[in-house]
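The file entry-v2.pdb contains PDB, C-alpha atoms:
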MODEL        1
ATOM      1  CA  MET A1016    -190.225 -39.506  83.104
ATOM      2  CA  VAL A1017    -190.472 -38.415  79.475
ATOM      3  CA  THR A1018    -194.163 -37.696  79.910
ATOM      4  CA  VAL A1019    -193.478 -35.451  82.907
ATOM      5  CA  TRP A1020    -190.798 -33.619  80.909
ATOM      6  CA  LEU A1021    -193.171 -33.116  77.977
ATOM      7  CA  TRP A1022    -195.917 -31.793  80.216
ATOM      8  CA  GLY A1023    -193.410 -29.438  81.816
ATOM      9  CA  LEU A1024    -192.361 -28.187  78.376
ATOM     10  CA  VAL A1025    -195.970 -27.669  77.310
ATOM     11  CA  GLY A1026    -196.684 -25.819  80.538
ATOM     12  CA  SER A1027    -193.671 -23.542  80.023
ATOM     13  CA  VAL A1028    -194.698 -22.774  76.457
ATOM     14  CA  LEU A1029    -198.264 -21.999  77.529
ATOM     15  CA  LEU A1030    -196.983 -19.728  80.296
ATOM     16  CA  ILE A1031    -194.815 -17.818  77.806
ATOM     17  CA  VAL A1032    -197.775 -17.477  75.429
ATOM     18  CA  VAL A1033    -199.974 -16.134  78.237
ATOM     19  CA  ILE A1034    -197.296 -13.644  79.318
ATOM     20  CA  ILE A1035    -196.835 -12.415  75.738
ATOM     21  CA  ALA A1036    -200.610 -12.108  75.288
ATOM     22  CA  VAL A1037    -200.906 -10.057  78.494
ATOM     23  CA  ILE A1038    -198.099  -7.748  77.345
ATOM     24  CA  MET A1039    -199.677  -7.298  73.910
ATOM     25  CA  VAL A1040    -203.072  -6.404  75.364
ATOM     26  CA  SER A1041    -201.438  -4.122  77.934
ATOM     27  CA  ASN A1042    -199.573  -2.263  75.180
ATOM     28  CA  ALA A1043    -202.833  -1.835  73.270
ATOM     29  CA  PHE A1044    -204.528  -0.141  76.213
ATOM     30  CA  ARG A1045    -201.696   2.022  77.448
ATOM     31  CA  ASN A1046    -202.556   5.635  78.249
ATOM     32  CA  ARG A1047    -199.451   7.415  77.066
ATOM     33  CA  ILE A1048    -198.878  11.027  76.064
ATOM     34  CA  ILE A1049    -195.750  11.809  74.072
ATOM     35  CA  THR A1050    -194.658  15.412  74.677
ATOM     36  CA  GLU A1051    -192.216  17.100  72.351
ATOM     37  CA  GLU A1052    -191.265  20.443  70.897
ATOM     38  CA  ILE A1053    -191.338  21.011  67.149
ATOM     39  CA  ILE A1054    -189.160  23.797  65.838
ATOM     40  CA  LEU A1055    -190.460  25.588  62.742
ATOM     41  CA  LYS A1056    -188.509  28.311  60.980
ATOM     42  CA  SER A1057    -191.621  29.896  59.483
ATOM     43  CA  LEU A1058    -193.647  29.962  62.713
ATOM     44  CA  PRO A1059    -194.858  33.500  63.531
ATOM     45  CA  ASP A1060    -193.282  34.792  66.733
ATOM     46  CA  VAL A1061    -196.610  35.095  68.543
ATOM     47  CA  PHE A1062    -197.256  31.371  68.024
ATOM     48  CA  ASP A1063    -194.063  30.366  69.814
ATOM     49  CA  GLY A1064    -195.290  28.011  72.551
ATOM     50  CA  PHE A1065    -198.545  27.121  70.722
ATOM     51  CA  ARG A1066    -199.595  23.700  72.005
ATOM     52  CA  ILE A1067    -201.446  20.983  70.094
ATOM     53  CA  LEU A1068    -203.096  17.861  71.469
ATOM     54  CA  PHE A1069    -202.897  15.395  68.564
ATOM     55  CA  ILE A1070    -204.830  12.124  68.723
ATOM     56  CA  THR A1071    -205.456   9.714  65.885
ATOM     57  CA  ASP A1072    -206.801   6.192  65.314
ATOM     58  CA  ILE A1073    -208.976   5.962  68.415
ATOM     59  CA  HIS A1074    -211.149   3.200  66.906
ATOM     60  CA  ARG A1075    -213.076   1.474  69.722
ATOM     61  CA  ARG A1076    -211.226   2.987  72.680
ATOM     62  CA  ARG A1077    -212.647   5.375  75.228
ATOM     63  CA  LEU A1078    -210.442   8.403  75.774
ATOM     64  CA  PRO A1079    -209.223   8.644  79.398
ATOM     65  CA  SER A1080    -210.715  11.700  81.067
ATOM     66  CA  ALA A1081    -208.301  11.404  83.994
ATOM     67  CA  LEU A1082    -205.409  11.844  81.562
ATOM     68  CA  LEU A1083    -206.944  14.539  79.369
ATOM     69  CA  ASN A1084    -208.893  16.752  81.776
ATOM     70  CA  PRO A1085    -205.686  18.231  83.274
ATOM     71  CA  LEU A1086    -204.871  19.561  79.773
ATOM     72  CA  LYS A1087    -207.792  22.017  79.851
ATOM     73  CA  GLY A1088    -206.363  25.491  79.498
ATOM     74  CA  LYS A1089    -202.920  24.069  78.759
ATOM     75  CA  VAL A1090    -203.315  23.297  75.052
ATOM     76  CA  ASP A1091    -204.482  25.707  72.360
ATOM     77  CA  VAL A1092    -206.084  23.276  69.944
ATOM     78  CA  VAL A1093    -207.044  19.609  69.590
ATOM     79  CA  LEU A1094    -206.419  17.869  66.255
ATOM     80  CA  LEU A1095    -208.003  14.471  65.580
ATOM     81  CA  GLY A1096    -206.423  12.576  62.701
ATOM     82  CA  GLY A1097    -209.207  10.209  61.676
ATOM     83  CA  ASP A1098    -210.466   6.731  62.566
ATOM     84  CA  LEU A1099    -212.364   8.190  65.484
ATOM     85  CA  THR A1100    -214.528   5.072  65.444
ATOM     86  CA  GLU A1101    -215.081   1.947  63.366
ATOM     87  CA  LYS A1102    -217.849  -0.320  62.123
ATOM     88  CA  ASN A1103    -219.974  -1.782  64.951
ATOM     89  CA  SER A1104    -218.267   0.356  67.589
ATOM     90  CA  PRO A1105    -220.789   1.978  69.960
ATOM     91  CA  LEU A1106    -221.446   5.510  68.718
ATOM     92  CA  ASP A1107    -222.220   6.707  72.220
ATOM     93  CA  ARG A1108    -218.532   6.095  72.915
ATOM     94  CA  LEU A1109    -217.642   8.394  70.018
ATOM     95  CA  ALA A1110    -220.037  10.985  71.433
ATOM     96  CA  ASP A1111    -218.404  10.764  74.861
ATOM     97  CA  ASN A1112    -214.939  11.077  73.325
ATOM     98  CA  MET A1113    -215.957  14.134  71.320
ATOM     99  CA  THR A1114    -217.544  15.761  74.364
ATOM    100  CA  LEU A1115    -214.287  15.263  76.244
ATOM    101  CA  VAL A1116    -211.901  16.637  73.633
ATOM    102  CA  THR A1117    -214.043  19.649  72.748
ATOM    103  CA  SER A1118    -214.106  20.601  76.431
ATOM    104  CA  ILE A1119    -210.310  20.867  76.356
ATOM    105  CA  ALA A1120    -209.765  23.256  73.433
ATOM    106  CA  PRO A1121    -211.110  24.124  69.955
ATOM    107  CA  THR A1122    -211.147  20.858  68.029
ATOM    108  CA  TYR A1123    -210.577  20.061  64.348
ATOM    109  CA  VAL A1124    -211.182  16.655  62.769
ATOM    110  CA  VAL A1125    -210.502  14.764  59.530
ATOM    111  CA  HIS A1126    -212.002  11.460  58.447
ATOM    112  CA  GLY A1127    -210.136   8.174  58.379
ATOM    113  CA  ASN A1128    -210.968   5.063  56.368
ATOM    114  CA  HIS A1129    -212.720   3.356  59.299
ATOM    115  CA  ASP A1130    -214.988   6.365  59.846
ATOM    116  CA  TYR A1131    -216.411   5.790  56.371
ATOM    117  CA  ARG A1132    -216.959   2.108  57.141
ATOM    118  CA  ALA A1133    -219.133   3.063  60.108
ATOM    119  CA  ASP A1134    -222.457   4.917  59.860
ATOM    120  CA  ILE A1135    -220.777   8.002  58.426
ATOM    121  CA  SER A1136    -223.909  10.176  58.526
ATOM    122  CA  ARG A1137    -224.329   9.543  62.238
ATOM    123  CA  VAL A1138    -220.580   9.889  62.799
ATOM    124  CA  ASP A1139    -220.606  13.339  61.193
ATOM    125  CA  GLN A1140    -223.684  14.352  63.185
ATOM    126  CA  ILE A1141    -221.836  13.505  66.389
ATOM    127  CA  ILE A1142    -218.676  15.317  65.311
ATOM    128  CA  ASN A1143    -220.498  18.474  64.234
ATOM    129  CA  GLY A1144    -222.882  18.341  67.187
ATOM    130  CA  SER A1145    -219.961  18.274  69.613
ATOM    131  CA  GLY A1146    -218.796  21.691  68.446
ATOM    132  CA  ALA A1147    -215.732  20.304  66.639
ATOM    133  CA  ARG A1148    -215.059  21.394  63.078
ATOM    134  CA  LEU A1149    -214.847  18.662  60.466
ATOM    135  CA  LEU A1150    -212.391  19.572  57.714
ATOM    136  CA  MET A1151    -212.985  18.019  54.292
ATOM    137  CA  ASP A1152    -210.255  19.463  52.075
ATOM    138  CA  GLU A1153    -210.602  22.776  53.863
ATOM    139  CA  ASN A1154    -208.363  25.440  55.333
ATOM    140  CA  VAL A1155    -208.723  27.243  58.629
ATOM    141  CA  ARG A1156    -206.907  30.399  59.632
ATOM    142  CA  ILE A1157    -205.913  30.378  63.297
ATOM    143  CA  GLU A1158    -205.212  33.950  64.354
ATOM    144  CA  ARG A1159    -203.227  35.378  67.224
ATOM    145  CA  GLU A1160    -202.376  39.058  67.655
ATOM    146  CA  GLY A1161    -202.769  39.730  63.959
ATOM    147  CA  ALA A1162    -200.607  36.788  62.854
ATOM    148  CA  SER A1163    -201.913  33.619  61.196
ATOM    149  CA  LEU A1164    -201.268  29.906  61.355
ATOM    150  CA  TRP A1165    -203.021  27.921  58.605
ATOM    151  CA  LEU A1166    -204.485  24.465  59.171
ATOM    152  CA  THR A1167    -205.409  22.326  56.148
ATOM    153  CA  GLY A1168    -207.537  19.240  56.765
ATOM    154  CA  VAL A1169    -207.456  16.531  54.071
ATOM    155  CA  ASP A1170    -210.445  14.231  53.786
ATOM    156  CA  PHE A1171    -209.975  10.500  53.310
ATOM    157  CA  PRO A1172    -211.152   9.221  49.898
ATOM    158  CA  LYS A1173    -214.447   7.413  50.313
ATOM    159  CA  LYS A1174    -213.399   4.539  48.059
ATOM    160  CA  GLY A1175    -209.961   4.181  49.654
ATOM    161  CA  GLY A1176    -206.743   3.287  47.887
ATOM    162  CA  LYS A1177    -203.815   5.288  46.637
ATOM    163  CA  THR A1178    -205.290   6.355  43.289
ATOM    164  CA  SER A1179    -208.560   7.524  44.831
ATOM    165  CA  TYR A1180    -206.952  10.421  46.663
ATOM    166  CA  ARG A1181    -207.730  13.822  45.238
ATOM    167  CA  PRO A1182    -204.885  16.175  44.392
ATOM    168  CA  PHE A1183    -203.887  18.723  46.987
ATOM    169  CA  PRO A1184    -207.105  20.616  47.860
ATOM    170  CA  ARG A1185    -207.260  23.796  45.807
ATOM    171  CA  LEU A1186    -210.808  25.128  46.002
ATOM    172  CA  THR A1187    -210.215  26.905  49.288
ATOM    173  CA  MET A1188    -206.418  26.968  49.192
ATOM    174  CA  PRO A1189    -205.219  30.437  50.213
ATOM    175  CA  ASP A1190    -202.638  32.195  48.106
ATOM    176  CA  ALA A1191    -199.190  30.917  49.017
ATOM    177  CA  LEU A1192    -198.076  34.515  49.560
ATOM    178  CA  ASP A1193    -200.608  34.793  52.383
ATOM    179  CA  VAL A1194    -199.390  31.654  54.125
ATOM    180  CA  THR A1195    -196.563  32.142  56.569
ATOM    181  CA  CYS A1196    -196.886  28.726  58.221
ATOM    182  CA  ARG A1197    -199.141  25.766  57.441
ATOM    183  CA  ILE A1198    -200.032  22.544  59.241
ATOM    184  CA  ILE A1199    -201.604  19.709  57.245
ATOM    185  CA  LEU A1200    -203.789  17.191  59.075
ATOM    186  CA  VAL A1201    -204.250  14.003  57.029
ATOM    187  CA  HIS A1202    -205.187  10.490  58.115
ATOM    188  CA  ASP A1203    -203.004   8.414  55.800
ATOM    189  CA  PRO A1204    -199.459   9.662  55.081
ATOM    190  CA  LEU A1205    -199.554   7.742  51.794
ATOM    191  CA  TRP A1206    -201.464  10.768  50.485
ATOM    192  CA  LEU A1207    -198.148  12.623  50.397
ATOM    193  CA  SER A1208    -196.685  10.251  47.838
ATOM    194  CA  ILE A1209    -199.067  11.370  45.068
ATOM    195  CA  GLN A1210    -198.749  15.109  45.620
ATOM    196  CA  LYS A1211    -196.712  17.167  43.157
ATOM    197  CA  SER A1212    -195.984  19.592  45.980
ATOM    198  CA  VAL A1213    -196.745  19.776  49.671
ATOM    199  CA  PRO A1214    -196.494  23.430  50.730
ATOM    200  CA  ALA A1215    -196.542  22.784  54.463
ATOM    201  CA  ASP A1216    -194.274  23.226  57.443
ATOM    202  CA  LEU A1217    -195.727  20.443  59.584
ATOM    203  CA  ILE A1218    -197.753  17.385  58.573
ATOM    204  CA  LEU A1219    -199.617  15.289  61.148
ATOM    205  CA  ALA A1220    -200.782  11.807  60.151
ATOM    206  CA  GLY A1221    -201.672   8.394  61.557
ATOM    207  CA  HIS A1222    -203.224   5.287  59.985
ATOM    208  CA  THR A1223    -200.135   3.061  60.247
ATOM    209  CA  HIS A1224    -200.456   2.198  63.970
ATOM    210  CA  GLY A1225    -196.659   1.996  63.746
ATOM    211  CA  GLY A1226    -197.198  -1.520  62.415
ATOM    212  CA  GLN A1227    -199.216  -2.354  65.583
ATOM    213  CA  VAL A1228    -197.570  -5.772  65.902
ATOM    214  CA  ILE A1229    -193.871  -5.834  65.031
ATOM    215  CA  LEU A1230    -192.620  -9.370  65.472
ATOM    216  CA  PRO A1231    -188.926 -10.250  65.880
ATOM    217  CA  PHE A1232    -187.361 -11.240  62.547
ATOM    218  CA  LEU A1233    -190.718 -10.934  60.756
ATOM    219  CA  GLY A1234    -190.987  -7.172  61.133
ATOM    220  CA  ARG A1235    -194.042  -5.089  60.213
ATOM    221  CA  ARG A1236    -197.301  -6.385  58.796
ATOM    222  CA  HIS A1237    -197.634  -3.631  56.159
ATOM    223  CA  VAL A1238    -197.682  -4.750  52.555
ATOM    224  CA  GLU A1239    -197.224  -1.294  51.009
ATOM    225  CA  ASN A1240    -193.498  -0.464  50.796
ATOM    226  CA  PHE A1241    -194.202   3.171  51.660
ATOM    227  CA  TYR A1242    -195.078   2.206  55.230
ATOM    228  CA  HIS A1243    -191.885   0.222  55.708
ATOM    229  CA  LYS A1244    -190.045   3.539  55.836
ATOM    230  CA  TYR A1245    -192.792   5.893  56.960
ATOM    231  CA  ASP A1246    -194.226   3.867  59.825
ATOM    232  CA  ALA A1247    -194.147   6.036  62.951
ATOM    233  CA  GLY A1248    -192.169   8.947  64.326
ATOM    234  CA  MET A1249    -190.740  12.160  62.892
ATOM    235  CA  PHE A1250    -189.533  12.443  59.295
ATOM    236  CA  GLN A1251    -188.530  15.102  56.791
ATOM    237  CA  TRP A1252    -190.676  15.426  53.665
ATOM    238  CA  PRO A1253    -189.634  17.512  50.625
ATOM    239  CA  ARG A1254    -192.110  20.298  49.929
ATOM    240  CA  LYS A1255    -191.271  20.361  46.200
ATOM    241  CA  ASP A1256    -192.734  23.862  45.932
ATOM    242  CA  GLY A1257    -189.628  25.592  44.605
ATOM    243  CA  THR A1258    -188.418  26.734  48.018
ATOM    244  CA  GLY A1259    -185.990  23.849  48.542
ATOM    245  CA  ARG A1260    -187.433  23.440  52.031
ATOM    246  CA  GLU A1261    -188.664  20.331  53.797
ATOM    247  CA  ALA A1262    -191.726  19.793  55.951
ATOM    248  CA  LYS A1263    -191.669  17.943  59.233
ATOM    249  CA  LEU A1264    -193.866  14.850  59.146
ATOM    250  CA  LEU A1265    -195.112  13.245  62.360
ATOM    251  CA  ILE A1266    -196.782   9.850  61.987
ATOM    252  CA  SER A1267    -198.454   8.725  65.193
ATOM    253  CA  ARG A1268    -198.804   5.111  66.302
ATOM    254  CA  GLY A1269    -202.328   6.058  67.283
ATOM    255  CA  PHE A1270    -204.354   5.449  70.402
ATOM    256  CA  GLY A1271    -206.469   2.474  69.379
ATOM    257  CA  THR A1272    -206.077  -0.719  67.392
ATOM    258  CA  SER A1273    -207.630  -2.271  64.314
ATOM    259  CA  HIS A1274    -208.809  -5.885  64.179
ATOM    260  CA  LEU A1275    -207.498  -7.344  67.466
ATOM    261  CA  PRO A1276    -206.824  -5.199  70.582
ATOM    262  CA  ILE A1277    -203.143  -6.122  70.706
ATOM    263  CA  ARG A1278    -199.835  -4.338  70.178
ATOM    264  CA  TRP A1279    -196.236  -5.491  70.183
ATOM    265  CA  GLY A1280    -193.285  -3.179  69.647
ATOM    266  CA  SER A1281    -195.615  -0.261  68.921
ATOM    267  CA  PRO A1282    -197.475   0.892  72.055
ATOM    268  CA  ALA A1283    -200.503   3.173  71.935
ATOM    269  CA  GLU A1284    -199.835   6.908  72.089
ATOM    270  CA  MET A1285    -201.188  10.431  71.766
ATOM    271  CA  HIS A1286    -199.208  13.644  71.571
ATOM    272  CA  VAL A1287    -198.857  17.099  73.074
ATOM    273  CA  LEU A1288    -196.816  19.145  70.615
ATOM    274  CA  THR A1289    -195.352  22.530  71.473
ATOM    275  CA  LEU A1290    -194.478  24.645  68.443
ATOM    276  CA  ARG A1291    -191.305  26.680  68.735
ATOM    277  CA  LYS A1292    -189.930  29.406  66.521
ATOM    278  CA  GLU A1293    -186.496  28.564  65.161
ATOM    279  CA  LYS A1294    -183.943  31.010  66.516
ATOM    280  CA  GLU A1295    -181.903  32.764  63.878
TER     281      GLU A1295
ENDMDL
END

As structure tokens, how would this structure be written, given the file I've shared?
Amino acid sequence: MVTVWLWGLVGSVLLIVVIIAVIMVSNAFRNRIITEEIILKSLPDVFDGFRILFITDIHRRRLPSALLNPLKGKVDVVLLGGDLTEKNSPLDRLADNMTLVTSIAPTYVVHGNHDYRADISRVDQIINGSGARLLMDENVRIEREGASLWLTGVDFPKKGGKTSYRPFPRLTMPDALDVTCRIILVHDPLWLSIQKSVPADLILAGHTHGGQVILPFLGRRHVENFYHKYDAGMFQWPRKDGTGREAKLLISRGFGTSHLPIRWGSPAEMHVLTLRKEKE
């Protein structure tokens, strides 16, 4: 009788483990687009309604054409926030992903740490060959009817780590007087913590995976305290540029996974962001 009870208990535990494993893998491979409006006071009027497809941390995943093809002609730009691939991931998959996103809208890319762990020369060849623009501490002026929206792309430090980040890119930084509204695209939001000022209105980042696996009672797997607060979602970040203003910071949970293809409490996501001018 006891033996039967024990086998029943073992069977129940195994069933629960299998169910949890299925849920974790399912969350890792979800095809989910988060749509939201972001209100910016400094946004030029003609950019009201400007739409961004923001994807980060793709890693080994293949982007779903059935989900993204309907966005052709409905978004104005695609921003890729790094970790487009990883070591030992098939580079033909990266090529297919880049072909897909560049067919949707003009595409801008920054490196992530896993891109540098792959064959970075070949990775960059694929990115540039797709027609996307790779930003390595560079600024791009996006123009519409004589008005400008600035995009600054921050490269990931090749050696990694907090102290390896360069200061805010200055070589091509336009005069602040010429910048009405700026978006910063950076892989790791930790970069913000070492900047004396962040003269931006919107910052888009990834890297954290939202913790990827958030276990009950145990919480997030991140060691760095910064990520315990700035894990995923929308935050306010002080610009510290003398204006007294704050930037909006969006940290995405990302579309792929690192290490194991599992997620718990932090499902995969990408974003369609509509910029709106704040009404006075």

Which residues are near A:Val1092? Cut-off 9 Å, all atoms listed in the file, ignore same chain within fewer than 5 positions. Put them as a list of chain:residue names.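 Contacts, with the query itself left out: A:Phe1065, A:Arg1066, A:Ile1067, A:Leu1068, A:Phe1069, A:Ile1119, A:Ala1120, A:Pro1121, A:Thr1122, A:Tyr1123.
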
One decimal, in Å: what's the spacing between atom CA of A:Lys1255 and atom CA of A:Leu1149?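 Between atom CA of A:Lys1255 and atom CA of A:Leu1149 the gap is 27.6 Å.
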
How many Å lie between atom CA of A:Glu1239 and atom CA of A:Pro1253, rounded to one decimal? 20.3 Å

Excluding A:Gly1269 and residues on its chain fewer than 4 positions from it, collect all residues at most 7 Å away from it, counting all atoms listed in the file, and give them as JSON, numbers by chain. {"A": [1070, 1071, 1072, 1073, 1221, 1224, 1283, 1284, 1285]}

I need the residue nearest A:Arg1045 from this list: A:Arg1159, A:Arg1278, A:Arg1132, A:Arg1108. Use all atoms listed in the file for the distance.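 Residue with the minimum atom-to-atom distance to A:Arg1045: A:Arg1278.
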
Two-atom distance - atom CA of A:Ala1147, atom CA of A:Val1169 (Å):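 These atoms are spaced 15.5 Å apart.
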
Box for stretch 1110-1114 of chain A - axis-aligned, 8 Å on each of the six sides, all listed atoms - centre and size in Å to one decimal, as AutoDock Vina command-line options.
--center_x -217.5 --center_y 13.3 --center_z 73.1 --size_x 21.1 --size_y 21.0 --size_z 19.5

Carefully work through the PyMOL selection byres ((chain A and resi 1062) around 9) for this structure and note down the residues it includes, as a PyMOL selection string. chain A and resi 1058-1061+1063-1066+1159+1162-1164+1290-1292

When distances are computed from only C-alpha atoms, which of A:Ala1262, A:Val1125, A:Leu1083, A:Leu1055 shows the smallest separation from A:Ser1212?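 The closest residue to A:Ser1212 is A:Ala1262.
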
Missing atoms of stretch 1103-1123 of chain A rebuilt to N, CA, C and O atoms, written as a PDB file, in the frame of the given file:
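What ended up in result02.pdb:
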ATOM      1  N   ASN A1103    -219.431  -1.039  63.805  1.00  0.00           N
ATOM      2  CA  ASN A1103    -219.974  -1.782  64.951  1.00  0.00           C
ATOM      3  C   ASN A1103    -219.450  -1.293  66.298  1.00  0.00           C
ATOM      4  O   ASN A1103    -219.767  -1.888  67.331  1.00  0.00           O
ATOM      5  N   SER A1104    -218.673  -0.224  66.309  1.00  0.00           N
ATOM      6  CA  SER A1104    -218.267   0.356  67.589  1.00  0.00           C
ATOM      7  C   SER A1104    -219.418   1.215  68.115  1.00  0.00           C
ATOM      8  O   SER A1104    -220.082   1.913  67.331  1.00  0.00           O
ATOM      9  N   PRO A1105    -219.671   1.196  69.424  1.00  0.00           N
ATOM     10  CA  PRO A1105    -220.789   1.978  69.960  1.00  0.00           C
ATOM     11  C   PRO A1105    -220.598   3.472  69.686  1.00  0.00           C
ATOM     12  O   PRO A1105    -219.577   4.053  70.065  1.00  0.00           O
ATOM     13  N   LEU A1106    -221.580   4.098  69.057  1.00  0.00           N
ATOM     14  CA  LEU A1106    -221.446   5.510  68.718  1.00  0.00           C
ATOM     15  C   LEU A1106    -221.602   6.416  69.932  1.00  0.00           C
ATOM     16  O   LEU A1106    -221.193   7.580  69.897  1.00  0.00           O
ATOM     17  N   ASP A1107    -222.183   5.896  71.006  1.00  0.00           N
ATOM     18  CA  ASP A1107    -222.220   6.707  72.220  1.00  0.00           C
ATOM     19  C   ASP A1107    -220.810   6.887  72.786  1.00  0.00           C
ATOM     20  O   ASP A1107    -220.513   7.885  73.449  1.00  0.00           O
ATOM     21  N   ARG A1108    -219.924   5.948  72.499  1.00  0.00           N
ATOM     22  CA  ARG A1108    -218.532   6.095  72.915  1.00  0.00           C
ATOM     23  C   ARG A1108    -217.861   7.222  72.132  1.00  0.00           C
ATOM     24  O   ARG A1108    -217.110   8.011  72.682  1.00  0.00           O
ATOM     25  N   LEU A1109    -218.145   7.288  70.826  1.00  0.00           N
ATOM     26  CA  LEU A1109    -217.642   8.394  70.018  1.00  0.00           C
ATOM     27  C   LEU A1109    -218.170   9.713  70.554  1.00  0.00           C
ATOM     28  O   LEU A1109    -217.409  10.697  70.672  1.00  0.00           O
ATOM     29  N   ALA A1110    -219.444   9.753  70.904  1.00  0.00           N
ATOM     30  CA  ALA A1110    -220.037  10.985  71.433  1.00  0.00           C
ATOM     31  C   ALA A1110    -219.348  11.401  72.724  1.00  0.00           C
ATOM     32  O   ALA A1110    -219.044  12.590  72.929  1.00  0.00           O
ATOM     33  N   ASP A1111    -219.093  10.450  73.607  1.00  0.00           N
ATOM     34  CA  ASP A1111    -218.404  10.764  74.861  1.00  0.00           C
ATOM     35  C   ASP A1111    -216.984  11.275  74.600  1.00  0.00           C
ATOM     36  O   ASP A1111    -216.519  12.224  75.243  1.00  0.00           O
ATOM     37  N   ASN A1112    -216.298  10.634  73.653  1.00  0.00           N
ATOM     38  CA  ASN A1112    -214.939  11.077  73.325  1.00  0.00           C
ATOM     39  C   ASN A1112    -214.931  12.499  72.768  1.00  0.00           C
ATOM     40  O   ASN A1112    -214.066  13.309  73.115  1.00  0.00           O
ATOM     41  N   MET A1113    -215.900  12.800  71.895  1.00  0.00           N
ATOM     42  CA  MET A1113    -215.957  14.134  71.320  1.00  0.00           C
ATOM     43  C   MET A1113    -216.316  15.179  72.377  1.00  0.00           C
ATOM     44  O   MET A1113    -215.784  16.299  72.358  1.00  0.00           O
ATOM     45  N   THR A1114    -217.196  14.841  73.282  1.00  0.00           N
ATOM     46  CA  THR A1114    -217.544  15.761  74.364  1.00  0.00           C
ATOM     47  C   THR A1114    -216.309  16.082  75.201  1.00  0.00           C
ATOM     48  O   THR A1114    -216.091  17.237  75.601  1.00  0.00           O
ATOM     49  N   LEU A1115    -215.493  15.067  75.444  1.00  0.00           N
ATOM     50  CA  LEU A1115    -214.287  15.263  76.244  1.00  0.00           C
ATOM     51  C   LEU A1115    -213.289  16.172  75.539  1.00  0.00           C
ATOM     52  O   LEU A1115    -212.806  17.156  76.120  1.00  0.00           O
ATOM     53  N   VAL A1116    -212.954  15.870  74.298  1.00  0.00           N
ATOM     54  CA  VAL A1116    -211.901  16.637  73.633  1.00  0.00           C
ATOM     55  C   VAL A1116    -212.330  18.074  73.355  1.00  0.00           C
ATOM     56  O   VAL A1116    -211.513  19.003  73.449  1.00  0.00           O
ATOM     57  N   THR A1117    -213.599  18.284  73.021  1.00  0.00           N
ATOM     58  CA  THR A1117    -214.043  19.649  72.748  1.00  0.00           C
ATOM     59  C   THR A1117    -214.114  20.494  74.009  1.00  0.00           C
ATOM     60  O   THR A1117    -214.132  21.726  73.933  1.00  0.00           O
ATOM     61  N   SER A1118    -214.140  19.851  75.167  1.00  0.00           N
ATOM     62  CA  SER A1118    -214.106  20.601  76.431  1.00  0.00           C
ATOM     63  C   SER A1118    -212.698  21.079  76.764  1.00  0.00           C
ATOM     64  O   SER A1118    -212.518  21.928  77.635  1.00  0.00           O
ATOM     65  N   ILE A1119    -211.705  20.538  76.064  1.00  0.00           N
ATOM     66  CA  ILE A1119    -210.310  20.867  76.356  1.00  0.00           C
ATOM     67  C   ILE A1119    -209.855  22.098  75.585  1.00  0.00           C
ATOM     68  O   ILE A1119    -209.218  23.007  76.137  1.00  0.00           O
ATOM     69  N   ALA A1120    -210.193  22.149  74.288  1.00  0.00           N
ATOM     70  CA  ALA A1120    -209.765  23.256  73.433  1.00  0.00           C
ATOM     71  C   ALA A1120    -210.522  23.158  72.115  1.00  0.00           C
ATOM     72  O   ALA A1120    -211.128  22.107  71.814  1.00  0.00           O
ATOM     73  N   PRO A1121    -210.505  24.221  71.287  1.00  0.00           N
ATOM     74  CA  PRO A1121    -211.110  24.124  69.955  1.00  0.00           C
ATOM     75  C   PRO A1121    -210.579  22.906  69.205  1.00  0.00           C
ATOM     76  O   PRO A1121    -209.378  22.650  69.214  1.00  0.00           O
ATOM     77  N   THR A1122    -211.487  22.166  68.585  1.00  0.00           N
ATOM     78  CA  THR A1122    -211.147  20.858  68.029  1.00  0.00           C
ATOM     79  C   THR A1122    -211.419  20.804  66.529  1.00  0.00           C
ATOM     80  O   THR A1122    -212.479  21.248  66.068  1.00  0.00           O
ATOM     81  N   TYR A1123    -210.456  20.239  65.796  1.00  0.00           N
ATOM     82  CA  TYR A1123    -210.577  20.061  64.348  1.00  0.00           C
ATOM     83  C   TYR A1123    -210.356  18.587  64.019  1.00  0.00           C
ATOM     84  O   TYR A1123    -209.498  17.930  64.618  1.00  0.00           O
TER      85      TYR A1123
END
